[in-house]
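Participant: Quick one, protein_19.csv (CSV, C-alpha atoms):
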```
chain,number,residue,atom,x,y,z
A,1,MET,CA,9.3,-13.5,-289.3
A,2,ASN,CA,7.3,-13.6,-286.1
A,3,GLN,CA,8.9,-13.3,-282.6
A,4,ARG,CA,10.0,-16.8,-281.7
A,5,ARG,CA,8.1,-18.2,-278.7
A,6,GLY,CA,9.9,-20.3,-276.1
A,7,LYS,CA,9.2,-24.0,-275.5
A,8,THR,CA,9.1,-26.0,-272.4
A,9,PHE,CA,11.6,-28.9,-271.7
A,10,ILE,CA,11.2,-31.3,-268.8
A,11,ILE,CA,14.5,-32.8,-267.7
A,12,SER,CA,14.3,-35.8,-265.4
A,13,GLY,CA,16.9,-38.3,-264.3
A,14,PRO,CA,17.9,-40.4,-261.3
A,15,SER,CA,19.8,-39.2,-258.3
A,16,GLY,CA,23.5,-39.3,-258.9
A,17,VAL,CA,23.3,-39.1,-262.7
A,18,GLY,CA,24.9,-35.6,-262.7
A,19,LYS,CA,21.8,-33.6,-263.8
A,20,SER,CA,22.7,-30.4,-261.9
A,21,THR,CA,26.2,-30.3,-263.4
A,22,VAL,CA,24.8,-30.8,-266.9
A,23,LEU,CA,22.0,-28.3,-266.5
A,24,ASN,CA,24.4,-25.6,-265.1
A,25,ALA,CA,26.7,-26.1,-268.1
A,26,LEU,CA,23.7,-25.9,-270.4
A,27,MET,CA,22.6,-22.6,-268.8
A,28,GLN,CA,26.1,-21.2,-269.5
A,29,LYS,CA,26.0,-22.4,-273.1
A,30,ARG,CA,22.5,-21.2,-274.0
A,31,SER,CA,21.8,-17.7,-272.7
A,32,ASN,CA,18.1,-17.7,-273.5
A,33,LEU,CA,17.0,-20.3,-270.9
A,34,TYR,CA,14.7,-19.8,-267.9
A,35,PHE,CA,15.1,-22.3,-265.1
A,36,SER,CA,11.7,-22.8,-263.5
A,37,VAL,CA,11.6,-22.3,-259.8
A,38,SER,CA,9.0,-24.4,-257.8
A,39,ALA,CA,6.7,-23.1,-255.2
A,40,THR,CA,6.7,-24.8,-251.8
A,41,THR,CA,4.9,-24.6,-248.4
A,42,ARG,CA,8.0,-25.8,-246.5
A,43,GLN,CA,10.1,-23.4,-244.5
A,44,PRO,CA,13.2,-22.0,-246.2
A,45,ARG,CA,16.5,-23.6,-245.1
A,46,GLU,CA,19.5,-21.5,-244.2
A,47,GLY,CA,20.8,-19.8,-247.3
A,48,GLU,CA,17.7,-20.4,-249.4
A,49,LYS,CA,16.4,-17.3,-251.1
A,50,ASP,CA,12.8,-16.7,-252.0
A,51,GLY,CA,12.3,-16.7,-255.8
A,52,GLN,CA,15.7,-18.2,-256.4
A,53,HIS,CA,15.7,-21.7,-254.7
A,54,TYR,CA,11.9,-21.8,-254.2
A,55,HIS,CA,8.9,-19.5,-254.2
A,56,PHE,CA,8.1,-19.8,-250.5
A,57,ILE,CA,4.3,-19.6,-249.9
A,58,ASP,CA,2.0,-20.6,-247.1
A,59,ALA,CA,-0.4,-23.5,-247.3
A,60,GLU,CA,-3.5,-21.3,-247.7
A,61,THR,CA,-2.0,-19.5,-250.7
A,62,PHE,CA,-1.0,-22.9,-252.2
A,63,ARG,CA,-4.5,-24.3,-251.8
A,64,GLU,CA,-6.0,-21.1,-253.4
A,65,MET,CA,-3.6,-21.4,-256.3
A,66,LEU,CA,-4.5,-25.1,-256.7
A,67,GLY,CA,-8.2,-24.1,-256.7
A,68,ARG,CA,-7.5,-21.6,-259.5
A,69,ASP,CA,-5.6,-24.3,-261.5
A,70,GLU,CA,-2.4,-22.2,-261.3
A,71,PHE,CA,0.0,-25.1,-261.2
A,72,LEU,CA,1.4,-27.2,-264.0
A,73,GLU,CA,2.0,-30.0,-261.6
A,74,HIS,CA,2.1,-30.4,-257.8
A,75,ALA,CA,2.9,-33.0,-255.2
A,76,GLU,CA,2.9,-33.5,-251.5
A,77,TYR,CA,6.1,-34.7,-249.8
A,78,VAL,CA,6.6,-35.2,-246.0
A,79,GLY,CA,3.6,-33.0,-245.2
A,80,ASN,CA,4.7,-30.1,-247.5
A,81,PHE,CA,3.4,-29.1,-250.9
A,82,TYR,CA,5.5,-28.5,-254.0
A,83,GLY,CA,4.3,-27.2,-257.3
A,84,THR,CA,5.3,-25.6,-260.6
A,85,PRO,CA,3.4,-22.3,-261.0
A,86,LYS,CA,2.2,-21.8,-264.6
A,87,ARG,CA,2.7,-18.1,-264.5
A,88,TYR,CA,6.5,-17.8,-264.6
A,89,VAL,CA,6.7,-20.6,-267.2
A,90,ASP,CA,4.2,-18.8,-269.5
A,91,GLU,CA,5.8,-15.4,-269.0
A,92,ALA,CA,9.2,-16.8,-269.9
A,93,MET,CA,7.9,-18.4,-273.0
A,94,GLU,CA,6.1,-15.2,-274.0
A,95,ARG,CA,9.5,-13.4,-273.7
A,96,GLY,CA,10.9,-16.0,-276.1
A,97,GLN,CA,12.8,-18.0,-273.5
A,98,ASP,CA,13.0,-21.7,-273.4
A,99,VAL,CA,11.9,-23.1,-270.0
A,100,ILE,CA,13.8,-25.9,-268.2
A,101,LEU,CA,11.7,-27.9,-265.7
A,102,ASP,CA,13.9,-30.1,-263.5
A,103,ILE,CA,11.2,-32.5,-262.2
A,104,GLU,CA,10.4,-36.1,-261.5
A,105,ILE,CA,8.5,-38.5,-263.7
A,106,GLN,CA,5.2,-38.2,-261.8
A,107,GLY,CA,5.2,-34.4,-262.2
A,108,ALA,CA,6.3,-34.8,-265.9
A,109,MET,CA,3.2,-37.0,-266.5
A,110,GLN,CA,0.9,-34.4,-265.0
A,111,ILE,CA,2.4,-31.7,-267.2
A,112,CYS,CA,2.2,-33.7,-270.4
A,113,GLU,CA,-1.5,-34.4,-269.7
A,114,LYS,CA,-2.1,-30.7,-269.7
A,115,ARG,CA,0.4,-29.7,-272.3
A,116,PRO,CA,1.3,-32.6,-274.6
A,117,GLU,CA,3.6,-30.4,-276.6
A,118,THR,CA,6.1,-30.3,-273.7
A,119,VAL,CA,9.4,-32.0,-274.6
A,120,ARG,CA,10.6,-34.6,-272.2
A,121,ILE,CA,14.2,-35.5,-271.8
A,122,PHE,CA,15.6,-38.2,-269.5
A,123,ILE,CA,19.2,-38.1,-268.4
A,124,ALA,CA,20.4,-41.6,-268.0
A,125,PRO,CA,23.6,-43.1,-266.7
A,126,PRO,CA,25.9,-45.0,-269.1
A,127,SER,CA,25.4,-48.1,-267.0
A,128,TRP,CA,24.1,-49.2,-263.6
A,129,LYS,CA,27.6,-49.9,-262.4
A,130,GLU,CA,28.6,-46.3,-263.3
A,131,LEU,CA,25.6,-44.9,-261.4
A,132,GLU,CA,26.4,-47.0,-258.4
A,133,ARG,CA,30.0,-45.7,-258.6
A,134,ARG,CA,28.9,-42.1,-258.7
A,135,LEU,CA,26.6,-42.5,-255.8
A,136,THR,CA,29.3,-44.2,-253.8
A,137,ASP,CA,32.0,-41.6,-254.7
A,138,ARG,CA,29.7,-38.8,-253.6
A,139,GLY,CA,30.2,-40.2,-250.1
A,140,THR,CA,26.9,-38.7,-248.8
A,141,ASP,CA,24.8,-41.9,-248.6
A,142,SER,CA,25.1,-45.2,-246.7
A,143,PRO,CA,25.4,-48.4,-248.8
A,144,GLU,CA,21.8,-49.2,-247.9
A,145,LYS,CA,20.6,-45.8,-249.1
A,146,ILE,CA,22.6,-46.2,-252.3
A,147,GLN,CA,20.8,-49.5,-253.0
A,148,LYS,CA,17.5,-47.8,-252.4
A,149,ARG,CA,18.5,-45.0,-254.9
A,150,LEU,CA,19.5,-47.6,-257.5
A,151,LEU,CA,16.2,-49.4,-257.1
A,152,ARG,CA,14.4,-46.1,-257.5
A,153,ALA,CA,16.5,-45.3,-260.6
A,154,LYS,CA,15.5,-48.6,-262.2
A,155,VAL,CA,11.8,-47.9,-261.6
A,156,GLU,CA,12.2,-44.4,-263.0
A,157,LEU,CA,14.0,-45.6,-266.1
A,158,ASN,CA,11.2,-48.1,-266.8
A,159,SER,CA,8.6,-45.4,-266.5
A,160,ALA,CA,10.7,-43.1,-268.7
A,161,SER,CA,10.1,-45.1,-271.9
A,162,SER,CA,7.4,-42.5,-272.9
A,163,TYR,CA,10.0,-39.7,-272.8
A,164,ASP,CA,11.0,-38.1,-276.1
A,165,TYR,CA,14.7,-38.2,-275.7
A,166,PHE,CA,17.4,-40.0,-273.7
A,167,VAL,CA,20.6,-38.2,-273.0
A,168,ILE,CA,23.3,-40.6,-271.7
A,169,ASN,CA,25.6,-38.7,-269.3
A,170,ASP,CA,28.9,-40.5,-270.0
A,171,SER,CA,30.7,-37.1,-270.4
A,172,VAL,CA,29.3,-33.7,-269.4
A,173,ASP,CA,30.5,-32.1,-272.6
A,174,LYS,CA,28.7,-34.7,-274.7
A,175,ALA,CA,25.5,-34.6,-272.7
A,176,VAL,CA,25.4,-30.7,-272.8
A,177,ALA,CA,26.0,-30.8,-276.6
A,178,GLU,CA,23.2,-33.3,-277.0
A,179,LEU,CA,20.8,-31.2,-274.9
A,180,ASP,CA,21.8,-28.1,-276.9
A,181,ALA,CA,21.1,-30.0,-280.1
A,182,ILE,CA,17.7,-31.2,-278.9
A,183,LEU,CA,16.6,-27.6,-277.9
A,184,CYS,CA,17.8,-26.3,-281.3
A,185,ALA,CA,16.1,-29.2,-283.2
A,186,GLU,CA,12.8,-28.8,-281.4
A,187,HIS,CA,12.6,-25.2,-282.6
A,188,CYS,CA,12.9,-26.5,-286.2
A,189,ARG,CA,9.7,-28.6,-285.9
A,190,ALA,CA,7.6,-28.2,-288.9
A,191,ALA,CA,4.5,-27.4,-286.9
A,192,ASP,CA,6.2,-24.4,-285.3
A,193,ARG,CA,8.1,-23.2,-288.3
A,194,ILE,CA,5.4,-23.1,-290.8
A,195,SER,CA,4.0,-19.9,-289.2
A,196,GLU,CA,7.4,-18.3,-289.4
A,197,ILE,CA,7.6,-18.4,-293.2
A,198,GLU,CA,6.4,-15.2,-294.5
A,199,GLY,CA,3.3,-15.2,-296.7
A,200,MET,CA,2.6,-18.9,-296.8
B,1,MET,CA,26.9,-49.9,-275.5
B,2,ASN,CA,25.9,-51.3,-278.9
B,3,GLN,CA,27.4,-50.1,-282.2
B,4,ARG,CA,25.3,-47.1,-283.2
B,5,ARG,CA,23.2,-47.8,-286.4
B,6,GLY,CA,22.8,-44.9,-288.9
B,7,LYS,CA,19.5,-43.2,-289.7
B,8,THR,CA,18.1,-42.0,-292.9
B,9,PHE,CA,17.3,-38.3,-293.4
B,10,ILE,CA,15.3,-37.0,-296.4
B,11,ILE,CA,16.2,-33.4,-297.4
B,12,SER,CA,13.8,-31.7,-299.8
B,13,GLY,CA,13.4,-28.1,-300.8
B,14,PRO,CA,12.5,-25.9,-303.8
B,15,SER,CA,14.8,-25.0,-306.6
B,16,GLY,CA,16.9,-22.0,-305.7
B,17,VAL,CA,16.7,-22.5,-301.9
B,18,GLY,CA,20.4,-23.2,-301.7
B,19,LYS,CA,20.1,-26.9,-300.8
B,20,SER,CA,23.3,-28.0,-302.5
B,21,THR,CA,25.4,-25.4,-300.7
B,22,VAL,CA,23.9,-26.3,-297.4
B,23,LEU,CA,24.3,-30.1,-297.9
B,24,ASN,CA,27.9,-29.7,-299.0
B,25,ALA,CA,28.7,-27.7,-295.9
B,26,LEU,CA,26.9,-30.3,-293.8
B,27,MET,CA,29.0,-33.1,-295.3
B,28,GLN,CA,32.1,-31.1,-294.4
B,29,LYS,CA,30.9,-30.7,-290.8
B,30,ARG,CA,29.8,-34.2,-290.1
B,31,SER,CA,32.2,-36.8,-291.3
B,32,ASN,CA,30.0,-39.8,-290.9
B,33,LEU,CA,27.4,-39.1,-293.6
B,34,TYR,CA,26.6,-41.1,-296.7
B,35,PHE,CA,25.1,-39.1,-299.5
B,36,SER,CA,22.7,-41.5,-301.4
B,37,VAL,CA,23.4,-41.8,-305.2
B,38,SER,CA,20.3,-42.5,-307.4
B,39,ALA,CA,20.2,-45.1,-310.1
B,40,THR,CA,19.0,-43.9,-313.6
B,41,THR,CA,18.4,-45.3,-317.0
B,42,ARG,CA,19.4,-42.0,-318.8
B,43,GLN,CA,22.7,-41.7,-320.5
B,44,PRO,CA,25.6,-40.1,-318.6
B,45,ARG,CA,26.3,-36.5,-319.5
B,46,GLU,CA,29.8,-35.3,-320.0
B,47,GLY,CA,31.8,-35.4,-316.8
B,48,GLU,CA,29.3,-37.5,-314.9
B,49,LYS,CA,30.8,-40.5,-313.2
B,50,ASP,CA,29.1,-43.8,-312.6
B,51,GLY,CA,28.6,-44.4,-308.8
B,52,GLN,CA,29.3,-40.7,-308.1
B,53,HIS,CA,26.7,-38.7,-309.9
B,54,TYR,CA,24.4,-41.6,-310.6
B,55,HIS,CA,24.5,-45.4,-310.8
B,56,PHE,CA,23.9,-45.7,-314.6
B,57,ILE,CA,22.0,-48.8,-315.4
B,58,ASP,CA,20.0,-50.0,-318.4
B,59,ALA,CA,16.2,-50.2,-318.5
B,60,GLU,CA,16.1,-53.9,-318.2
B,61,THR,CA,18.2,-53.9,-315.1
B,62,PHE,CA,16.0,-51.1,-313.7
B,63,ARG,CA,12.8,-53.2,-314.3
B,64,GLU,CA,14.4,-56.3,-312.8
B,65,MET,CA,15.4,-54.3,-309.7
B,66,LEU,CA,11.9,-52.9,-309.5
B,67,GLY,CA,10.4,-56.4,-309.7
B,68,ARG,CA,12.6,-57.4,-306.8
B,69,ASP,CA,11.5,-54.4,-304.7
B,70,GLU,CA,15.0,-53.1,-304.6
B,71,PHE,CA,14.2,-49.4,-304.7
B,72,LEU,CA,13.1,-47.2,-301.8
B,73,GLU,CA,11.4,-44.9,-304.3
B,74,HIS,CA,11.4,-44.4,-308.0
B,75,ALA,CA,10.0,-42.1,-310.7
B,76,GLU,CA,9.8,-41.7,-314.5
B,77,TYR,CA,10.9,-38.3,-315.9
B,78,VAL,CA,11.0,-37.5,-319.6
B,79,GLY,CA,11.2,-41.2,-320.6
B,80,ASN,CA,13.9,-42.1,-318.1
B,81,PHE,CA,13.7,-43.9,-314.8
B,82,TYR,CA,15.2,-42.7,-311.6
B,83,GLY,CA,15.3,-44.6,-308.3
B,84,THR,CA,17.0,-44.9,-304.9
B,85,PRO,CA,18.5,-48.3,-304.5
B,86,LYS,CA,17.9,-49.8,-301.0
B,87,ARG,CA,21.2,-51.6,-301.0
B,88,TYR,CA,23.6,-48.7,-300.6
B,89,VAL,CA,21.3,-47.0,-298.0
B,90,ASP,CA,21.1,-50.1,-295.9
B,91,GLU,CA,24.8,-50.9,-296.1
B,92,ALA,CA,25.7,-47.3,-295.0
B,93,MET,CA,23.3,-47.5,-292.0
B,94,GLU,CA,24.8,-50.9,-291.1
B,95,ARG,CA,28.2,-49.3,-291.1
B,96,GLY,CA,26.9,-46.7,-288.7
B,97,GLN,CA,26.7,-43.9,-291.2
B,98,ASP,CA,23.7,-41.5,-291.4
B,99,VAL,CA,22.2,-41.4,-294.9
B,100,ILE,CA,21.2,-38.2,-296.7
B,101,LEU,CA,18.6,-38.5,-299.4
B,102,ASP,CA,18.2,-35.4,-301.5
B,103,ILE,CA,14.8,-36.1,-303.1
B,104,GLU,CA,11.5,-34.5,-304.0
B,105,ILE,CA,8.3,-34.7,-302.0
B,106,GLN,CA,6.8,-37.5,-304.2
B,107,GLY,CA,9.8,-39.7,-303.5
B,108,ALA,CA,9.8,-38.8,-299.9
B,109,MET,CA,6.2,-39.9,-299.6
B,110,GLN,CA,7.0,-43.3,-301.2
B,111,ILE,CA,9.9,-43.8,-298.7
B,112,CYS,CA,7.9,-42.9,-295.7
B,113,GLU,CA,5.2,-45.4,-296.6
B,114,LYS,CA,7.8,-48.1,-296.6
B,115,ARG,CA,9.9,-46.7,-293.7
B,116,PRO,CA,8.0,-44.4,-291.5
B,117,GLU,CA,11.0,-43.9,-289.2
B,118,THR,CA,12.7,-41.9,-291.9
B,119,VAL,CA,13.2,-38.3,-290.8
B,120,ARG,CA,12.0,-35.7,-293.3
B,121,ILE,CA,13.5,-32.2,-293.4
B,122,PHE,CA,12.3,-29.4,-295.7
B,123,ILE,CA,14.7,-26.6,-296.5
B,124,ALA,CA,12.6,-23.5,-296.9
B,125,PRO,CA,13.4,-20.0,-298.1
B,126,PRO,CA,13.0,-17.1,-295.6
B,127,SER,CA,10.4,-15.6,-297.8
B,128,TRP,CA,9.0,-15.8,-301.3
B,129,LYS,CA,10.6,-12.6,-302.2
B,130,GLU,CA,14.0,-13.9,-301.2
B,131,LEU,CA,13.5,-17.1,-303.2
B,132,GLU,CA,12.5,-15.1,-306.3
B,133,ARG,CA,15.6,-12.9,-305.8
B,134,ARG,CA,17.9,-16.0,-305.6
B,135,LEU,CA,16.4,-17.5,-308.7
B,136,THR,CA,16.8,-14.2,-310.5
B,137,ASP,CA,20.4,-13.7,-309.3
B,138,ARG,CA,21.4,-17.2,-310.6
B,139,GLY,CA,20.7,-15.8,-314.0
B,140,THR,CA,20.1,-19.2,-315.5
B,141,ASP,CA,16.3,-19.0,-316.0
B,142,SER,CA,14.0,-16.8,-318.0
B,143,PRO,CA,11.4,-14.7,-316.0
B,144,GLU,CA,8.7,-17.1,-317.2
B,145,LYS,CA,10.7,-20.1,-315.9
B,146,ILE,CA,11.3,-18.4,-312.6
B,147,GLN,CA,7.6,-17.8,-312.1
B,148,LYS,CA,7.0,-21.5,-312.9
B,149,ARG,CA,9.6,-22.5,-310.3
B,150,LEU,CA,8.0,-20.2,-307.7
B,151,LEU,CA,4.6,-21.7,-308.3
B,152,ARG,CA,6.1,-25.2,-308.0
B,153,ALA,CA,7.8,-24.1,-304.7
B,154,LYS,CA,4.5,-23.0,-303.3
B,155,VAL,CA,2.9,-26.3,-304.2
B,156,GLU,CA,5.8,-28.2,-302.6
B,157,LEU,CA,5.7,-26.1,-299.4
B,158,ASN,CA,2.0,-26.9,-299.0
B,159,SER,CA,2.7,-30.6,-299.4
B,160,ALA,CA,5.6,-30.4,-297.0
B,161,SER,CA,3.4,-29.8,-293.9
B,162,SER,CA,3.8,-33.5,-293.0
B,163,TYR,CA,7.6,-33.1,-292.8
B,164,ASP,CA,9.2,-33.4,-289.4
B,165,TYR,CA,11.4,-30.3,-289.6
B,166,PHE,CA,11.7,-27.1,-291.5
B,167,VAL,CA,15.1,-25.5,-291.8
B,168,ILE,CA,14.8,-21.9,-293.0
B,169,ASN,CA,17.9,-21.1,-295.1
B,170,ASP,CA,18.4,-17.4,-294.3
B,171,SER,CA,22.1,-18.0,-293.7
B,172,VAL,CA,24.1,-21.1,-294.7
B,173,ASP,CA,25.9,-21.3,-291.3
B,174,LYS,CA,22.6,-21.2,-289.4
B,175,ALA,CA,20.9,-23.7,-291.7
B,176,VAL,CA,23.9,-26.1,-291.4
B,177,ALA,CA,24.0,-25.7,-287.6
B,178,GLU,CA,20.3,-26.6,-287.5
B,179,LEU,CA,20.6,-29.6,-289.7
B,180,ASP,CA,23.6,-30.7,-287.6
B,181,ALA,CA,21.4,-30.3,-284.4
B,182,ILE,CA,18.5,-32.3,-286.0
B,183,LEU,CA,20.8,-35.2,-286.9
B,184,CYS,CA,22.3,-35.2,-283.4
B,185,ALA,CA,18.9,-34.9,-281.6
B,186,GLU,CA,17.4,-37.7,-283.7
B,187,HIS,CA,20.1,-40.0,-282.3
B,188,CYS,CA,18.9,-39.1,-278.8
B,189,ARG,CA,15.4,-40.4,-279.5
B,190,ALA,CA,14.2,-42.5,-276.5
B,191,ALA,CA,13.2,-45.4,-278.7
B,192,ASP,CA,16.7,-45.8,-280.1
B,193,ARG,CA,18.6,-45.0,-277.0
B,194,ILE,CA,16.8,-47.4,-274.6
B,195,SER,CA,18.7,-50.3,-276.2
B,196,GLU,CA,22.0,-48.6,-275.7
B,197,ILE,CA,21.7,-48.5,-272.0
B,198,GLU,CA,23.6,-51.4,-270.6
B,199,GLY,CA,21.6,-54.0,-268.6
B,200,MET,CA,18.3,-52.3,-268.7
```
As structure tokens, please, write out the structure in this file.

Facilitator:
Amino acid sequence: MNQRRGKTFIISGPSGVGKSTVLNALMQKRSNLYFSVSATTRQPREGEKDGQHYHFIDAETFREMLGRDEFLEHAEYVGNFYGTPKRYVDEAMERGQDVILDIEIQGAMQICEKRPETVRIFIAPPSWKELERRLTDRGTDSPEKIQKRLLRAKVELNSASSYDYFVINDSVDKAVAELDAILCAEHCRAADRISEIEGM
Amino acid sequence: MNQRRGKTFIISGPSGVGKSTVLNALMQKRSNLYFSVSATTRQPREGEKDGQHYHFIDAETFREMLGRDEFLEHAEYVGNFYGTPKRYVDEAMERGQDVILDIEIQGAMQICEKRPETVRIFIAPPSWKELERRLTDRGTDSPEKIQKRLLRAKVELNSASSYDYFVINDSVDKAVAELDAILCAEHCRAADRISEIEGM
């Protein structure tokens, strides 16, 4: 049997859906995951570490990398650039690690144009009411901001119909179990497995 | 959230691959499975129970059912007819049970023409050598018959490239865990899940 190559999984989901909690629990459960770190031209905030929270690079380096097609996806946001460097993703997959990309739908679309084999998973709330409740309970946003986030979530959910999987986060344990199953099942895909069978 | 509808999974695999052992263990692990029972016109053998091993019906009834398009697939073998009645499959899915169809590739192709949403899983041996060893260890077949079975397995494996998943049975526990993951993941498919999200 050949050395198993890793696969790339995009995880998207609206603000307040509990994505970070679910992904942290998934990283605990599956040891062989690589969580992709974005590159950005913005300044590090207090406590942020280079290579851990972001790869902090200057605008010139970003432009050069862009010119060499070294990003899987990129975007500009409030005057700063953000992007997913191909290099770390590819190195992790070569090592046999599965890669988790926590990115938004626009970035996901860019990646899937370049690499249609990328698996896309959308984490959805069990209901709008529940998402509203979670955003309110967080206590970090004004009612106006919460309504904006909900509107954005609805737009995102409509655009997410092309995703491969929907995981409904009504309980963290269940959501993690489903993500775990999806990662396992995707490695059983006939197209990948056929080459693993000796002497076919 | 709506009542979850069951899905149909075809499980194929060559003689000697350990399919029965794996499927029995899967039935133990997942309580909500319905194992499809075929209809046949052949006489019951000693110990075979109607509705458990087969639905035993006469040739006239079989032909009438065929005329009313009541089979998902059917075949003739040594003068007897075999078929998968739609009715029990559909009733189980309506109850929310997942249906397991243990059938050969020809039957699988018939079903997928009628119902392309059916998920097809092929249980493969880790290697030809290992399949030969298992067939020899069983001690039920002559060396000549074993060679015939191996040749047939190779033909089957070549035809199985259109299957959705390959589960390599190098250990029963691992194979069962992978089948379990595939069944779980298939229920997370975006197309099925979108309707589950309240008020979308």

Participant: Nearest to Ala92 (chain B) among B:Thr118, B:Asn32, B:Ser12, B:Thr21, with distances taken over only C-alpha atoms: which residue is it?

Facilitator: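 Ranking B:Thr118, B:Asn32, B:Ser12, B:Thr21 by distance to Ala92 (chain B), first place goes to B:Asn32.
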
Participant: List the spatial neighbours of Arg63 (chain A) as an NGL selection string - criterion: any atom at most 12 Å away, all atoms listed in the file, same-chain residues fewer than 5 positions off excluded.

Facilitator: :A and (39-41 or 57-58 or 68-71 or 74-76 or 80-83)

Participant: Which distance in Å separates CA of Ala185 (chain B) and CA of Asn169 (chain B), to one decimal?

Facilitator: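 According to the coordinates, CA of Ala185 (chain B) and CA of Asn169 (chain B) are separated by 19.3 Å.
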
Participant: Please, which residues in chain B fall within 6 Å of chain A when counting only C-alpha atoms, and what is the closest atom pair and distance in Å to one decimal for each, ordered by chain then residue number, as CSV?

Facilitator:
```
residue,atom,partner,partner_atom,distance
B:Ser127,CA,A:Glu198,CA,5.2
B:Asp164,CA,A:Ala190,CA,5.5
B:Tyr165,CA,A:Ala190,CA,4.4
B:Phe166,CA,A:Ala190,CA,5.0
B:Ala181,CA,A:Ala181,CA,4.3
B:Ile182,CA,A:Ala185,CA,4.8
B:Ala185,CA,A:Ile182,CA,4.7
B:Cys188,CA,A:Tyr165,CA,5.3
B:Arg189,CA,A:Tyr165,CA,4.4
B:Ala190,CA,A:Tyr165,CA,4.4
B:Glu198,CA,A:Ser127,CA,5.2
```

Participant: Please produce an output containing C-alpha atoms for each residue in the selection, written as a PDB file, in the frame of the given file.

Facilitator:
```pdb
ATOM      1  CA  SER B 127      10.400 -15.600-297.800  1.00  0.00           C
ATOM      2  CA  ASP B 164       9.200 -33.400-289.400  1.00  0.00           C
ATOM      3  CA  TYR B 165      11.400 -30.300-289.600  1.00  0.00           C
ATOM      4  CA  PHE B 166      11.700 -27.100-291.500  1.00  0.00           C
ATOM      5  CA  ALA B 181      21.400 -30.300-284.400  1.00  0.00           C
ATOM      6  CA  ILE B 182      18.500 -32.300-286.000  1.00  0.00           C
ATOM      7  CA  ALA B 185      18.900 -34.900-281.600  1.00  0.00           C
ATOM      8  CA  CYS B 188      18.900 -39.100-278.800  1.00  0.00           C
ATOM      9  CA  ARG B 189      15.400 -40.400-279.500  1.00  0.00           C
ATOM     10  CA  ALA B 190      14.200 -42.500-276.500  1.00  0.00           C
ATOM     11  CA  GLU B 198      23.600 -51.400-270.600  1.00  0.00           C
TER      12      GLU B 198
END
```

Participant: Would you work out the distance separating CA of Asn24 (chain A) from CA of Ala108 (chain A), expressed in Å to one decimal?

Facilitator: 20.3 Å

Participant: Quick one: of B:Gly107, B:Gly51, B:Gly79, B:Gly18, who's nearest to Ser171 (chain B), counting all atoms listed in the file?

Facilitator: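 The shortest atom-to-atom distance to Ser171 (chain B) comes from B:Gly18.
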
Participant: Which polymer residues have any atom within 12 Å of an atom of Glu144 (chain B), counting all atoms listed in the file, with same-chain residues fewer than 6 positions away left out, as a ChimeraX atom specification?

Facilitator: /B:132,135-136,150-151

Participant: Give me, as a PyMOL selection string, all polymer residues having an atom no more than 12 Å from Glu91 (chain B), counting only C-alpha atoms and skipping those fewer than 3 positions away in the same chain.

Facilitator: chain B and resi 5-8+34+36+85-88+94-99
